[in-house]
file start.txt (compact mmCIF, C-alpha atoms)
# COMPACT_ATOMS: atom_id res chain seq x y z
CA MET A 3 106.78 -29.72 21.60
CA LYS A 4 103.89 -31.99 22.53
CA ASP A 5 100.56 -30.51 23.61
CA ILE A 6 100.83 -32.01 27.08
CA ASP A 7 104.20 -30.26 27.55
CA ILE A 8 102.67 -26.94 26.52
CA ILE A 9 99.84 -27.42 29.03
CA ASN A 10 102.43 -28.16 31.71
CA LEU A 11 104.15 -24.86 30.89
CA PHE A 12 100.84 -23.07 31.43
CA VAL A 13 100.41 -24.84 34.75
CA GLU A 14 103.91 -23.73 35.78
CA ARG A 15 102.96 -20.16 34.66
CA ASN A 16 105.87 -20.21 32.23
CA GLU A 17 105.38 -17.65 29.43
CA ASN A 18 107.06 -19.98 26.95
CA ALA A 19 103.68 -21.73 26.88
CA ILE A 20 102.33 -18.92 24.70
CA LYS A 21 105.48 -18.80 22.58
CA GLU A 22 105.28 -22.55 21.89
CA THR A 23 101.54 -22.37 21.17
CA LYS A 24 102.20 -19.58 18.71
CA ILE A 25 104.86 -21.59 16.93
CA LYS A 26 102.74 -24.72 16.73
CA TYR A 27 99.25 -23.41 16.12
CA ASN A 28 99.34 -19.73 15.04
CA SER A 29 98.48 -20.39 11.39
CA TYR A 30 95.80 -22.90 12.36
CA LEU A 31 94.13 -20.32 14.60
CA MET A 32 94.58 -17.52 12.04
CA ALA A 33 92.79 -19.69 9.46
CA ILE A 34 89.84 -20.23 11.82
CA ALA A 35 89.59 -16.51 12.57
CA ASP A 36 90.02 -15.51 8.94
CA ASN A 37 87.16 -17.73 7.78
CA ILE A 38 84.91 -15.60 10.01
CA LEU A 39 86.47 -12.13 10.01
CA HIS A 40 88.25 -11.92 6.63
CA CYS A 41 90.65 -9.26 7.86
CA PHE A 42 94.30 -9.92 8.67
CA PHE A 43 94.52 -7.48 11.55
CA ASP A 44 91.20 -8.53 13.13
CA ASP A 45 92.37 -12.14 12.83
CA GLU A 46 95.61 -11.26 14.54
CA GLU A 47 93.88 -9.49 17.44
CA CYS A 48 91.44 -12.35 17.82
CA VAL A 49 94.27 -14.91 17.97
CA ASN A 50 96.14 -12.74 20.50
CA ASP A 51 92.96 -12.71 22.61
CA THR A 52 92.99 -16.51 22.39
CA TYR A 53 96.51 -16.65 23.87
CA PHE A 54 95.42 -14.30 26.65
CA LYS A 55 92.28 -16.32 27.45
CA THR A 56 94.20 -19.57 27.35
CA TRP A 57 96.73 -18.12 29.81
CA ASN A 58 93.87 -17.10 32.12
CA THR A 59 91.99 -20.40 31.96
CA ILE A 60 94.83 -22.97 32.20
CA PRO A 61 94.92 -23.73 35.07
CA PRO A 62 92.39 -24.53 36.49
CA THR A 63 91.13 -25.98 33.20
CA LEU A 64 93.24 -28.85 31.88
CA PRO A 65 91.92 -29.50 28.38
CA LYS A 66 91.85 -33.08 27.15
CA ASN A 67 92.42 -31.90 23.63
CA TYR A 68 94.50 -28.74 23.51
CA GLN A 69 94.20 -28.06 19.77
CA ALA A 70 90.40 -28.23 19.87
CA TYR A 71 90.35 -26.15 23.06
CA ILE A 72 92.24 -23.19 21.61
CA GLY A 73 90.45 -23.55 18.27
CA ARG A 74 87.13 -23.26 20.10
CA ILE A 75 88.27 -20.13 21.96
CA THR A 76 89.36 -18.54 18.67
CA ARG A 77 86.10 -19.39 16.92
CA ASN A 78 83.94 -17.99 19.71
CA GLY A 79 86.15 -14.92 19.97
CA ALA A 80 85.88 -14.29 16.23
CA LEU A 81 82.08 -14.68 16.36
CA ASN A 82 81.88 -12.22 19.28
CA ARG A 83 84.03 -9.75 17.40
CA LEU A 84 81.91 -10.14 14.26
CA ARG A 85 78.76 -9.57 16.29
CA GLU A 86 80.19 -6.34 17.72
CA GLN A 87 81.15 -5.16 14.27
CA LEU A 88 77.65 -5.88 12.99
CA ASN A 89 76.11 -3.98 15.90
CA TYR A 90 78.13 -0.93 14.97
CA LYS A 91 77.52 -1.55 11.26
CA HIS A 92 81.26 -1.53 10.65
CA LYS A 93 81.24 -4.42 8.35
CA SER A 94 78.98 -6.29 5.96
CA LEU A 95 77.90 -9.74 7.02
CA CYS A 96 80.56 -11.98 5.58
CA CYS A 97 79.06 -15.13 7.05
CA ALA A 98 75.64 -14.38 5.57
CA ILE A 99 75.60 -17.44 3.35
CA ARG A 100 76.39 -19.83 6.21
CA ILE A 101 73.70 -18.17 8.31
CA ASN A 102 71.13 -18.46 5.53
CA GLU A 103 71.87 -22.15 5.37
CA LEU A 104 71.36 -22.48 9.12
CA GLU A 105 68.11 -20.54 8.96
CA GLU A 106 66.88 -23.27 6.62
CA ILE A 107 67.15 -25.60 9.60
CA PHE A 108 66.41 -23.45 12.62
CA GLY A 109 64.26 -20.65 11.23
CA THR A 110 64.96 -16.94 11.58
CA ASN A 111 64.21 -16.24 15.24
CA ARG A 112 64.36 -19.66 16.74
CA PHE A 113 67.72 -19.60 18.47
CA ASN A 114 68.17 -17.72 21.74
CA PRO A 115 71.76 -17.68 23.07
CA GLU A 116 70.43 -17.15 26.62
CA ASN A 117 68.40 -20.37 26.64
CA ASP A 118 71.02 -22.80 27.93
CA ILE A 119 68.72 -25.83 28.21
CA ASP A 120 67.53 -25.76 24.62
CA ASN A 121 71.00 -25.02 23.35
CA LYS A 122 72.52 -27.91 25.31
CA LEU A 123 69.86 -30.27 23.89
CA ILE A 124 70.48 -29.04 20.37
CA GLY A 125 74.25 -29.31 20.87
CA ASP A 126 73.90 -32.92 22.07
CA LEU A 127 71.64 -33.72 19.15
CA ILE A 128 74.09 -32.26 16.65
CA ASN A 129 76.88 -34.41 18.13
CA LYS A 130 74.66 -37.49 17.97
CA PHE A 131 73.79 -36.64 14.39
CA LEU A 132 77.49 -36.25 13.52
CA ARG A 133 78.38 -39.55 15.22
CA ASN A 134 76.00 -41.41 12.92
CA LEU A 135 77.38 -39.87 9.74
CA PRO A 136 80.05 -41.49 7.57
CA GLN A 137 83.45 -39.86 8.16
CA GLN A 138 83.57 -37.97 4.85
CA LYS A 139 80.17 -36.34 5.37
CA ARG A 140 80.98 -35.53 8.97
CA VAL A 141 84.20 -33.78 7.94
CA ILE A 142 82.33 -31.75 5.30
CA PHE A 143 79.74 -30.68 7.88
CA VAL A 144 82.30 -29.68 10.50
CA ARG A 145 84.49 -27.85 7.95
CA ARG A 146 81.48 -25.85 6.82
CA TYR A 147 79.79 -24.96 10.09
CA TRP A 148 82.61 -25.09 12.64
CA TYR A 149 85.65 -24.02 10.61
CA MET A 150 83.37 -21.87 8.35
CA ASP A 151 85.20 -22.99 5.18
CA SER A 152 83.87 -21.87 1.82
CA ILE A 153 82.44 -24.46 -0.59
CA LYS A 154 85.56 -24.03 -2.74
CA GLN A 155 87.88 -24.72 0.16
CA ILE A 156 85.92 -27.85 1.10
CA SER A 157 85.85 -29.16 -2.46
CA GLU A 158 89.63 -28.66 -2.72
CA ARG A 159 90.25 -30.41 0.58
CA MET A 160 87.86 -33.31 -0.05
CA LYS A 161 88.73 -33.68 -3.77
CA LEU A 162 85.04 -33.36 -4.64
CA SER A 163 83.21 -31.07 -7.06
CA GLU A 164 81.59 -27.97 -5.61
CA ILE A 165 78.16 -29.21 -6.71
CA LYS A 166 78.70 -32.48 -4.88
CA VAL A 167 79.67 -30.59 -1.70
CA LYS A 168 76.62 -28.33 -1.96
CA ILE A 169 74.26 -31.27 -2.46
CA THR A 170 75.83 -33.20 0.42
CA LEU A 171 75.44 -30.20 2.73
CA LYS A 172 71.85 -29.65 1.64
CA ARG A 173 70.94 -33.28 2.37
CA MET A 174 72.63 -33.14 5.76
CA ARG A 175 70.77 -29.94 6.65
CA ASP A 176 67.46 -31.55 5.67
CA GLU A 177 68.31 -34.64 7.70
CA LEU A 178 69.26 -32.58 10.77
CA LYS A 179 66.09 -30.54 10.51
CA LYS A 180 64.02 -33.73 10.35
CA ILE A 181 65.69 -35.04 13.50
CA LEU A 182 65.17 -31.74 15.35
CA ILE A 183 61.47 -31.78 14.44
CA GLU A 184 61.15 -35.41 15.59
CA GLU A 185 62.73 -34.46 18.92
CA GLU A 186 60.33 -31.49 19.15
CA LEU A 187 63.17 -28.99 19.36
CA LEU A 188 61.78 -27.06 16.40
CA MET B 25 71.02 -14.15 13.16
CA ILE B 26 74.68 -14.61 13.93
CA ASN B 27 73.67 -16.40 17.14
CA LEU B 28 72.93 -19.45 15.04
CA LEU B 29 76.63 -19.88 14.45
CA TYR B 30 77.18 -20.36 18.20
CA LEU B 31 75.05 -23.52 18.12
CA PHE B 32 77.94 -25.39 16.58
CA SER B 33 80.35 -24.35 19.31
CA GLU B 34 79.36 -27.50 21.20
CA ILE B 35 80.65 -29.85 18.53
CA GLU B 36 82.88 -32.46 20.20
CA ASP B 37 86.67 -32.09 20.22
CA ASP B 38 87.20 -35.34 18.34
CA PHE B 39 85.13 -34.15 15.38
CA ILE B 40 87.03 -30.83 15.27
CA ILE B 41 90.41 -32.56 15.22
CA GLU B 42 89.19 -35.16 12.73
CA ALA B 43 88.08 -32.43 10.33
CA ASP B 44 91.40 -30.60 10.64
CA GLY B 45 93.57 -33.62 9.95
CA TYR B 46 91.39 -35.37 7.39
CA GLN B 47 93.26 -36.37 4.25
CA VAL B 48 91.52 -37.83 1.24
CA ASP B 49 92.98 -41.12 0.09
CA VAL B 50 93.31 -40.24 -3.57
CA ASN B 51 93.41 -43.93 -4.49
CA LYS B 52 89.90 -44.38 -3.18
CA VAL B 53 88.41 -41.44 -5.04
CA LYS B 54 86.31 -42.94 -7.79
CA LYS B 55 85.78 -40.78 -10.81
CA LYS B 56 83.41 -41.39 -13.68
CA THR B 57 85.39 -40.64 -16.75
CA HIS B 58 84.75 -41.22 -20.44
CA PHE B 59 87.06 -43.19 -22.65
CA TRP B 60 88.89 -40.18 -24.08
CA LYS B 61 89.32 -38.69 -20.68
CA LYS B 62 90.78 -41.96 -19.46
CA PHE B 63 92.94 -42.22 -22.53
CA SER B 64 94.34 -38.72 -22.15
CA VAL B 65 94.91 -39.31 -18.45
CA ALA B 66 96.83 -42.49 -19.30
CA VAL B 67 98.98 -40.62 -21.83
CA CYS B 68 99.62 -37.86 -19.31
CA CYS B 69 100.55 -40.45 -16.69
CA ILE B 70 103.09 -42.07 -19.00
CA ALA B 71 104.54 -38.64 -19.83
CA LEU B 72 104.57 -37.77 -16.15
CA ILE B 73 106.37 -40.98 -15.24
CA GLY B 74 108.99 -40.11 -17.87
CA VAL B 75 109.37 -36.64 -16.42
CA LEU B 76 109.53 -38.03 -12.91
CA ILE B 77 112.29 -40.46 -13.89
CA VAL B 78 114.33 -37.58 -15.33
CA VAL B 79 113.62 -35.39 -12.33
CA TYR B 80 114.43 -38.20 -9.91
CA ALA B 81 117.73 -38.90 -11.68
CA ASN B 82 118.76 -35.26 -11.21
CA TYR B 83 117.30 -35.23 -7.77
CA THR B 84 119.41 -38.08 -6.43
CA LYS B 85 122.54 -36.59 -7.96
CA SER B 86 122.26 -33.23 -6.27
CA ASN B 87 119.85 -34.02 -3.44
CA VAL B 88 118.21 -30.68 -4.27
CA ILE B 89 115.06 -30.33 -6.34
CA LYS B 90 114.69 -27.15 -8.33
CA ALA B 91 111.84 -24.98 -7.16
CA LYS B 92 110.59 -24.42 -10.69
CA ASN B 93 109.76 -28.14 -10.85
CA LEU B 94 106.96 -27.32 -8.46
CA ALA B 95 105.33 -24.95 -10.93
CA ALA B 96 102.67 -27.38 -12.12
CA ASP B 97 102.10 -28.91 -8.68
CA ARG B 98 98.89 -28.07 -6.92
CA PHE B 99 98.45 -26.96 -3.35
CA ASP B 100 97.04 -29.82 -1.30
CA ASP B 101 95.92 -27.53 1.45
CA PHE B 102 96.25 -23.79 1.41
CA ALA B 103 94.26 -22.81 4.46
CA ALA B 104 96.53 -23.03 7.49
CA GLU B 105 99.81 -23.35 5.65
CA PHE B 106 99.49 -20.87 2.85
CA ASP B 107 102.81 -19.30 1.90
CA GLN B 108 104.04 -16.82 4.48
CA VAL B 109 106.66 -14.12 4.09
CA LEU B 110 109.43 -14.65 6.67
CA TYR B 111 112.05 -12.15 5.59
CA SER B 112 112.41 -9.31 3.13
CA ASN B 113 114.70 -6.58 2.02
CA GLN B 114 114.67 -4.47 -1.12
CA ASP B 115 116.14 -7.28 -3.18
CA GLU B 116 115.02 -10.51 -1.60
CA VAL B 117 111.98 -12.25 -0.14
CA VAL B 118 112.04 -15.48 1.84
CA PHE B 119 108.80 -17.35 2.23
CA VAL B 120 107.77 -20.74 3.54
CA ASP B 121 104.91 -23.17 3.06
CA TYR B 122 104.34 -26.85 3.77
CA ARG B 123 106.53 -27.83 0.77
CA GLY B 124 109.61 -25.91 1.79
CA ILE B 125 111.50 -22.65 2.06
CA PHE B 126 111.82 -20.40 -1.00
CA VAL B 127 114.17 -17.47 -1.66
CA TYR B 128 113.10 -15.11 -4.44
CA SER B 129 115.35 -12.43 -5.91
CA LEU B 130 113.33 -9.35 -6.85
CA SER B 131 116.10 -7.95 -9.07
CA LEU B 132 116.70 -11.21 -10.96
CA GLU B 133 112.98 -12.01 -10.86
CA LYS B 134 113.60 -15.67 -10.12
CA LEU B 135 113.86 -18.15 -7.30
CA THR B 136 117.45 -18.38 -6.22
CA ALA B 137 117.29 -20.96 -3.44
CA TYR B 138 114.94 -23.67 -2.25
CA ALA B 139 114.91 -26.18 0.61
CA ASN B 140 112.46 -28.98 -0.05
CA PHE B 141 110.92 -30.29 3.20
CA ARG B 142 109.86 -33.56 1.62
CA ILE B 143 113.35 -34.87 1.02
CA TYR B 144 114.05 -34.34 4.71
CA ASN B 145 110.82 -36.15 5.70
CA MET B 146 109.33 -32.96 7.10
CA ILE B 147 105.62 -32.55 6.67
CA GLY B 148 104.76 -28.95 7.44
CA THR B 149 104.99 -25.93 9.69
CA GLN B 150 101.89 -26.49 11.82
CA GLY B 151 100.46 -29.18 14.10
CA ASP B 152 102.21 -32.27 15.48
CA ASN B 153 105.76 -32.90 14.30
CA TYR B 154 105.89 -29.41 12.84
CA THR B 155 108.99 -27.89 11.32
CA ARG B 156 110.24 -24.72 12.94
CA VAL B 157 111.93 -22.17 10.68
CA ILE B 158 114.20 -19.37 11.93
CA VAL B 159 115.86 -16.83 9.62
CA SER B 160 119.03 -14.94 10.52
CA GLU B 161 118.99 -11.15 10.60
CA ASP B 162 120.95 -10.88 7.34
CA GLY B 163 118.74 -13.49 5.67
CA GLN B 164 121.67 -15.69 4.66
CA TYR B 165 121.18 -18.57 7.07
CA ILE B 166 118.01 -20.41 7.97
CA LYS B 167 117.66 -23.00 10.70
CA PHE B 168 114.87 -25.49 10.26
CA TYR B 169 114.21 -28.45 12.49
CA ASP B 170 111.66 -30.79 13.98
CA ASP B 171 111.83 -33.02 17.05
CA ASN B 172 114.53 -35.25 15.59
CA ASN B 173 116.38 -33.50 12.77
CA TYR B 174 118.31 -30.24 12.50
CA TYR B 175 119.29 -28.51 9.28
CA LEU B 176 121.17 -25.36 8.34
CA PHE B 177 120.25 -23.74 5.02
CA ASP B 178 122.72 -21.35 3.40
CA THR B 179 120.50 -19.35 1.04
CA GLN B 180 123.43 -17.69 -0.76
CA LYS B 181 124.98 -21.03 -1.72
CA ASN B 182 121.64 -22.87 -1.91
CA ILE B 183 123.00 -25.66 0.27
CA VAL B 184 121.24 -27.53 3.06
CA LYS B 185 123.40 -29.23 5.64
CA LYS B 186 122.15 -31.85 8.12
CA ILE B 187 123.71 -31.28 11.51
CA ASP B 188 123.55 -32.81 14.99
CA GLY B 189 122.43 -29.59 16.66
CA TYR B 190 123.11 -25.91 16.59
CA GLU B 191 125.62 -25.83 19.46
CA ASN B 192 128.71 -26.00 17.23
CA TYR B 193 127.52 -23.39 14.77
CA PRO B 194 127.84 -19.63 15.18
CA ASP B 195 124.60 -18.43 16.61
CA PHE B 196 122.74 -15.73 14.78
CA GLU B 197 120.22 -13.14 15.76
CA GLU B 198 116.73 -14.26 14.83
CA TYR B 199 114.99 -11.99 12.35
CA GLU B 200 111.40 -11.16 13.18
CA ILE B 201 109.50 -9.38 10.47
CA GLU B 202 108.06 -6.07 11.68
CA ILE B 203 104.43 -5.46 10.73
CA LEU B 204 102.69 -2.09 11.09
CA HIS B 205 99.16 -1.90 12.45
CA PRO B 206 96.67 -0.44 9.91
CA ASP B 207 95.98 2.47 12.29
CA ASP B 208 99.65 3.39 12.19
CA PRO B 209 100.03 6.57 10.09
CA ASN B 210 102.99 4.96 8.31
CA SER B 211 100.93 1.98 7.20
CA PHE B 212 99.85 1.69 3.54
CA ASP B 213 96.17 2.31 2.81
CA SER B 214 95.66 -0.88 0.82
CA GLY B 215 94.77 -2.90 3.93
CA HIS B 216 97.53 -5.42 3.29
CA PRO B 217 100.22 -5.91 5.93
CA THR B 218 102.91 -3.24 5.78
CA TYR B 219 106.39 -4.39 6.75
CA ILE B 220 109.43 -2.43 7.73
CA GLY B 221 112.26 -3.95 5.71
CA THR B 222 115.76 -4.56 7.01
CA ASP B 223 116.77 -1.23 5.45
CA GLY B 224 114.08 0.59 7.46
CA LYS B 225 111.95 1.33 4.41
CA ARG B 226 108.30 0.37 4.35
CA VAL B 227 107.15 -2.28 1.95
CA SER B 228 104.13 -4.51 1.55
CA PHE B 229 104.31 -8.06 0.27
CA VAL B 230 101.21 -10.11 -0.48
CA LEU B 231 101.24 -13.64 -1.80
CA PHE B 232 98.14 -14.61 -3.70
CA ILE B 233 96.71 -17.12 -6.15
CA ASP B 234 95.79 -15.49 -9.43
CA ASP B 235 93.34 -18.04 -10.77
CA TYR B 236 91.43 -20.25 -8.35
CA ASN B 237 90.41 -22.57 -11.16
CA SER B 238 93.99 -23.71 -11.33
CA ILE B 239 95.53 -23.84 -7.90
CA THR B 240 99.12 -24.54 -8.79
CA TYR B 241 102.42 -22.96 -7.90
CA ASN B 242 102.73 -21.22 -11.26
CA ASN B 243 99.63 -19.26 -10.30
CA LEU B 244 101.28 -18.00 -7.15
CA PHE B 245 102.04 -14.29 -7.44
CA LEU B 246 103.80 -11.79 -5.21
CA MET B 247 102.62 -8.21 -5.03
CA LYS B 248 105.22 -5.74 -3.80
CA GLU B 249 104.07 -2.27 -2.82
CA THR B 250 106.48 0.53 -1.95
CA ASP B 251 106.07 4.29 -1.66
CA ASN B 252 106.54 4.72 -5.39
CA GLU B 253 105.09 1.69 -7.12
CA ILE B 254 103.22 -1.58 -7.07
CA ARG B 255 104.80 -4.54 -8.85
CA TYR B 256 103.71 -8.10 -9.47
CA TYR B 257 106.02 -11.09 -9.72
CA GLN B 258 105.11 -14.55 -10.99
CA LEU B 259 107.19 -16.70 -8.68
CA PHE B 260 107.25 -20.06 -10.46
CA LYS B 261 107.25 -19.18 -14.12
call {"tool": "encode", "arguments": {"input": "start.txt", "output": "structure tokens"}}
result
Amino acid sequence: MKDIDIINLFVERNENAIKETKIKYNSYLMAIADNILHCFFDDEECVNDTYFKTWNTIPPTLPKNYQAYIGRITRNGALNRLREQLNYKHKSLCCAIRINELEEIFGTNRFNPENDIDNKLIGDLINKFLRNLPQQKRVIFVRRYWYMDSIKQISERMKLSEIKVKITLKRMRDELKKILIEEELL
Amino acid sequence: MINLLYLFSEIEDDFIIEADGYQVDVNKVKKKTHFWKKFSVAVCCIALIGVLIVVYANYTKSNVIKAKNLAADRFDDFAAEFDQVLYSNQDEVVFVDYRGIFVYSLSLEKLTAYANFRIYNMIGTQGDNYTRVIVSEDGQYIKFYDDNNYYLFDTQKNIVKKIDGYENYPDFEEYEIEILHPDDPNSFDSGHPTYIGTDGKRVSFVLFIDDYNSITYNNLFLMKETDNEIRYYQLFK
């Protein structure tokens, strides 16, 4: 079933919309959640939350790109769940390495989730930065920091050595940091 | 600290989709290799072509490729379409990945049936043009289809039949594997999914790669946990 047909089912409040989404994208969403949560049952709950939120938001929202829309809900849901687990010290920080890499760019206490203006500017700048990258580098960056893939997963996907992936990421982080400093966002 | 990860939530849809569907054109991957490496690769290629010719000859005769031929093949992508268990009883496990549907006999310790998606021009079980797979309650019949093609797989006879639709075939009850929540007192403690088999007994199946330095099918193992024992099976030996 095409994405537009699934969206139409949501608009008609037909519960088959969730069934068809599950068939078409369940593994995709589970992979996104698992890269963050690393626990089958947490992943499953997170993906179920995604179906619930999608049901509640379409309509009125009519996403231009349905796959990215539900992927984004899953990613944010998994991050929220991870944050709760960390607050209650239920789990060690599995994303620690990714966060260390981001601290290289943004510093330890720089980012405030409540500051919408700064965050919007940084988000726009990241998109501009990605637009100017060659496709291969852009995919590596998005796989690492959006999909939260491990270096090994990226090197398998991109048919590159792990060292090459690490170096590419390091250079992109340095480049992004330079741009953020130039724009006085750091 | 974790708040930093939210910064990337604003990445544009197009970049997210691009990164999901990106395939490396292997022909364009340039590798610096020494003479002996090149030489050995050339020898391997010639050997491989020979093997492929033999395999292809058998392939066209029977229209069915043997699953064990996959043993040395690598996984191209094992994130979203890693092998999933679809059906199990005490003697049999059916699992699926982007290459096809596999039936493994636990008593014979070998693959007994295989439907290869590639010969039916099917590309995988997720995303656009996905293949949908439905197993019957007794595990004997499997329907798999995409937008244009419908197939019926008899796992006992290891035969795949192309059909016009499922209207003229006896319908079967769809089997849905039952998974216990980890909080359930009947769930195993290992943290892996616990299934209730068709015989009502609890069992846990986990598919895993043994050695990540060699991501090939012959490194794909199945762990089966029951009340009494844990056993490992090498699926593509």
call {"tool": "interface_residues", "arguments": {"input": "start.txt", "of": "chain A", "to": "chain B", "cutoff": "6 Å", "atoms": "all atoms listed in the file", "output": "PDB file with C-alpha atoms, in the frame of the given file"}}
result
ATOM      1  CA  LYS A  26     102.740 -24.720  16.730  1.00  0.00           C
ATOM      2  CA  TYR A  27      99.250 -23.410  16.120  1.00  0.00           C
ATOM      3  CA  SER A  29      98.480 -20.390  11.390  1.00  0.00           C
ATOM      4  CA  TYR A  30      95.800 -22.900  12.360  1.00  0.00           C
ATOM      5  CA  ALA A  33      92.790 -19.690   9.460  1.00  0.00           C
ATOM      6  CA  ALA A  70      90.400 -28.230  19.870  1.00  0.00           C
ATOM      7  CA  GLY A 125      74.250 -29.310  20.870  1.00  0.00           C
ATOM      8  CA  ASN A 129      76.880 -34.410  18.130  1.00  0.00           C
ATOM      9  CA  VAL A 141      84.200 -33.780   7.940  1.00  0.00           C
ATOM     10  CA  MET A 160      87.860 -33.310  -0.050  1.00  0.00           C
TER      11      MET A 160
END
call {"tool": "axis_aligned_box", "arguments": {"input": "start.txt", "around": "segment 170-185 of chain B", "padding_each_side": "8 Å", "output": "lines of an AutoDock Vina configuration file"}}
result
center_x = 118.3
center_y = -26.5
center_z = 7.6
size_x = 29.3
size_y = 33.6
size_z = 35.0
call {"tool": "atom_distance", "arguments": {"input": "start.txt", "atom1": "atom CA of Glu14 of chain A", "atom2": "atom CA of Tyr190 of chain B"}}
result
27.2 Å
call {"tool": "atom_distance", "arguments": {"input": "start.txt", "atom1": "atom CA of Thr240 of chain B", "atom2": "atom CA of Phe260 of chain B"}}
result
9.4 Å
call {"tool": "residues_around", "arguments": {"input": "start.txt", "residues": "Asp251 of chain B", "least_positions_apart": "5", "cutoff": "10 Å", "atoms": "only C-alpha atoms", "output": "PyMOL selection string"}}
result
chain B and resi 212+225-228
call {"tool": "residues_near_point", "arguments": {"input": "start.txt", "point": "(62.4, -29.3, 16.7)", "cutoff": "10 Å", "atoms": "all atoms listed in the file", "output": "list in words"}}
result
Ile107, Phe108, Arg112, Ile124, Leu178, Lys179, Lys180, Ile181, Leu182, Ile183, Glu184, Glu185, Glu186, Leu187 and Leu188 of chain A
call {"tool": "atom_distance", "arguments": {"input": "start.txt", "atom1": "atom CA of Cys48 of chain A", "atom2": "atom CA of Lys167 of chain B"}}
result
29.2 Å
call {"tool": "residues_near_point", "arguments": {"input": "start.txt", "point": "(110.6, -34.1, 3.3)", "cutoff": "12 Å", "atoms": "only C-alpha atoms", "output": "MDAnalysis selection string"}}
result
chainID B and resid 87:89 122:125 139:149 154:155 168:170 173 175
call {"tool": "closest_residue", "arguments": {"input": "start.txt", "among": "B:Tyr165, B:Phe126, B:Glu133, B:Ile183", "to": "Tyr256 of chain B", "atoms": "only C-alpha atoms"}}
result
B:Glu133
